[in-house]
Amino acid sequence: MKNVLWIARRELATYFVSPLAYLILAVFVLVIGLSFSLNLIAFANECLIYGSNPYYLQQLNVNEQVVRPLFGGFVPVFLLILFPAITMRLLPEEKRQGTAELILTSPVTAAQIVLGKYLGALVVSLVMLGSSLGFVYVLTFVSKPDLRVVAGLYIGVFLLGAAFLAIGLCLSAFTDNQVLAYVLGVGALLVLWFLSGISRSASLTETLGERGVRFLESLSIIEHFTDFSKGILDTQHVVYYLSVIFFALFVAQRVVDSHRWR
Amino acid sequence: MIEVKDLRKTYGDRVAIAGISFRVEKGEILGFLGPNGAGKTTTMRILTGFMPPTSGSATVGGLDVTAHPREVKRRIGYLPEHPPLYKEMTVVSYLAFVARIKGVPGKRIRDSVASAVERCGLEEVAGRLIQNLSKGYQQRVGIAQAIVHSPEVMILDEPTVGLDPRQILKIRNLIRSFHGEKTVILSTHIIPEVEKLCDRVAIINEGRIVALDTQSGLVEKMQRSERVSVQFGDQAAAPLRQRLELLEGVQSVIQEDGAPNRFLVEARPGTGIGRRVFERAVAEQWPLVEVSAVRSTLEEVFLHLTGEEKGVMA
């Protein structure tokens, strides 16, 4: 366990001496901030215009019109683009600079290496998501968002992001090229994402059958997120994300270990 | 301390090492000498647990490297061919990280790092980022990394490659200071390095150990001829050359470069050529100035054993 923490700590230190982490963080805060302000301004305008009408007033909801579009719709897309950039260097960099030979001749296991690196990336992602709490804080001054819904969204976004990172790390184990690792990561996430719509396609349902399509759809990484964005916390979705993470890390561990028989 | 028995490693059809066996005693420095691609790095990688052998066994301190990888890894300090440096870290934080993953207990980290820094002469650069250091310093950080957890065994893969002569000297002195204290295996394709540092030499070629002995032992064993250098005193040396050629057992007489009166006489081993040249000179009153024995060098042995003699020596 100690080894995992040391590896994670070293990984974190590397993130924060390189410009990459700051760049990702800055882009995230900037774009989320922009989107948040625009949503909020639009919402404020609607309040001004319709606020005097009691019928419309009931329809106005800061959760529905500011929080959910942002964290439920925009942030996941953003994570899909940014998170593979966090994980793309984790394993390829070790191979490229030859430090793999140090790590693998040290008394640490492949599982400890993979977990340490995953933990490091996870902390970076937490810093990133944490930075968006500032916007929620601002929101509590000007309105009364339902904090339970906000918390649900954060848990959902965190699990979604954690799954993205695990998949990114897993794919980075297969290559020693960072660009390739990034493209593989984004590609795999896109495929998993677009599985969500396929039950609506009649022709696919015909070829794969009702159950086949349902099954594939249940694998979709974004399908399981929808309930979180409605403020529902369902264990089946939590279990889904945890299994994705476990499976991806397991594969990564096998790949790292496999250098021994190559 | 280290015992290797019939180690083999194949990659598909390609044979990297084809049955290597040797022992290294505690405190000894063993040199691996061989051309590039001979199997030195592969052997070292197996010993360090980086990769398993296809067959055969290797033990370090009595522990099998494949059966007890973690214990063995703790006892070994390894400098790969390219020093494994996290260049964005400072020297001290890098060494502390290595000490930790090598299993040095938390309380002793600071001391371990300090002594590695001191031993490798890194005090001046201790707080600097590794990426800003010269290649010589980076190599020393690589060695510091290999000793930071006070291993009993050190495995150094071409520790002086790519350094300037002054840096090479420093690294060699450092390695020499391990003599008697740590068991060291050192690979190189630079012959003087072996001559200066190693107790024994294993010459590796095409995946096999073709010779393993002390330097002088190797040279002696590999002596395929007796050679003497003969110097005559005046210009009338040419006819004497023929007399030399007629001595029993003489294989060749070569005039040495730049010295018209000096000849290198090569004879079959065991003919006592030096004494017989002298006796004949006395009997026939040759104007003899000097007769001296010429020893083979490790370089000749190496070139002979690795089959490159024809290309290089002739």
# chains A, B, ... in the order shown; residues from 1 in each chain; ligands from 1

$ interface_residues --of "chain B" --to "chain A" --cutoff "8 Å" --atoms "only C-alpha atoms" --output "list in words"
Tyr11, Thr48, Gly49, Phe50, Met51, Pro52, Pro69, Arg70, Glu71, Lys73, Arg74, Tyr78, Pro80, His82, Pro83, Pro84, Leu85, Tyr86, Glu88, Met89, Phe97, Arg100, Ile101, Lys102 and Gly103 of chain B

$ residues_around --residues "A:Phe135" --least-positions-apart "6" --cutoff "9 Å" --atoms "only C-alpha atoms" --output "ChimeraX atom specification"
/A:32-33,36-37

$ residues_around --residues "stretch 117-123 of chain A" --least-positions-apart "4" --cutoff "7 Å" --atoms "only C-alpha atoms" --output "ChimeraX atom specification"
/A:7-9,11-12,86-87,90,113,127,162,166

$ write_last_selection --atoms "C-alpha atoms" --output "PDB file, in the first residue's frame"
ATOM      1  CA  ILE A   7       4.126   6.066  -6.833  1.00  0.00           C
ATOM      2  CA  ALA A   8       0.996   8.220  -6.752  1.00  0.00           C
ATOM      3  CA  ARG A   9       2.861  11.015  -5.022  1.00  0.00           C
ATOM      4  CA  GLU A  11       3.125  10.965 -10.347  1.00  0.00           C
ATOM      5  CA  LEU A  12       1.348  13.969  -8.859  1.00  0.00           C
ATOM      6  CA  ILE A  86      -4.265  13.235 -18.211  1.00  0.00           C
ATOM      7  CA  THR A  87      -3.713   9.519 -18.628  1.00  0.00           C
ATOM      8  CA  LEU A  90       1.227   7.605 -17.426  1.00  0.00           C
ATOM      9  CA  ILE A 113       2.366   0.450 -10.206  1.00  0.00           C
ATOM     10  CA  VAL A 127      -8.483  19.040  -8.176  1.00  0.00           C
ATOM     11  CA  ALA A 162     -12.881   7.941 -12.732  1.00  0.00           C
ATOM     12  CA  ALA A 166      -9.203   3.966 -15.826  1.00  0.00           C
TER      13      ALA A 166
END

$ select_by_dssp --residues "stretch 24-139 of chain B" --states "strand (DSSP E or B)" --output "number ranges by chain"
B: 24, 29-33, 55-60, 63-64, 76-79, 90, 129

$ select_by_dssp --residues "stretch 230-304 of chain B" --states "helix (DSSP H, G or I)" --output "list of chain:residue names"
B:Ala238, B:Pro239, B:Leu240, B:Arg241, B:Gln242, B:Arg243, B:Leu244, B:Glu245, B:Leu246, B:Ile273, B:Gly274, B:Arg275, B:Arg276, B:Val277, B:Phe278, B:Glu279, B:Arg280, B:Ala281, B:Val282, B:Ala283, B:Glu284, B:Leu298, B:Glu299, B:Glu300, B:Val301, B:Phe302, B:Leu303, B:His304

$ atom_distance --atom1 "atom CA of B:Glu81" --atom2 "atom CA of B:Thr41"
8.0 Å

$ residues_around --residues "A:Leu40" --least-positions-apart "2" --cutoff "10 Å" --atoms "only C-alpha atoms" --output "ChimeraX atom specification"
/A:34-38,42-46,62,65-67,139,142

$ residues_around --residues "B:Ala114" --least-positions-apart "5" --cutoff "12 Å" --atoms "only C-alpha atoms" --output "VMD selection string"
chain B and resid 91 to 93 95 to 96 99 108 to 109 119 to 123 126 to 127 144 to 145 147 to 149

$ residues_around --residues "B:Arg166" --least-positions-apart "5" --cutoff "10 Å" --atoms "only C-alpha atoms" --output "list of chain:residue names"
B:Gly136, B:Ile171, B:Arg172

$ write_last_selection --atoms "C-alpha atoms" --output "mmCIF file, in the first residue's frame"
data_model
loop_
_atom_site.group_PDB
_atom_site.id
_atom_site.type_symbol
_atom_site.label_atom_id
_atom_site.label_comp_id
_atom_site.auth_asym_id
_atom_site.auth_seq_id
_atom_site.Cartn_x
_atom_site.Cartn_y
_atom_site.Cartn_z
ATOM 1 C CA GLY B 136 28.378 12.836 -16.471
ATOM 2 C CA ILE B 171 32.999 6.812 -12.507
ATOM 3 C CA ARG B 172 35.760 4.193 -12.538
#

$ residues_around --residues "A:Arg214" --least-positions-apart "4" --cutoff "10 Å" --atoms "only C-alpha atoms" --output "PDB file with C-alpha atoms, in the first residue's frame"
ATOM      1  CA  LEU A 195     -23.568   2.777 -27.563  1.00  0.00           C
ATOM      2  CA  SER A 196     -26.206   4.728 -25.681  1.00  0.00           C
ATOM      3  CA  ILE A 198     -28.439   2.271 -30.459  1.00  0.00           C
ATOM      4  CA  SER A 199     -31.704   0.858 -29.123  1.00  0.00           C
ATOM      5  CA  THR A 205     -32.540  -3.948 -33.272  1.00  0.00           C
ATOM      6  CA  LEU A 208     -28.962  -7.893 -32.991  1.00  0.00           C
ATOM      7  CA  GLY A 209     -32.337  -8.578 -31.443  1.00  0.00           C
ATOM      8  CA  GLU A 210     -34.055  -6.679 -28.666  1.00  0.00           C
ATOM      9  CA  SER A 218     -26.342  -1.082 -20.850  1.00  0.00           C
ATOM     10  CA  LEU A 219     -22.612  -1.022 -21.519  1.00  0.00           C
TER      11      LEU A 219
END
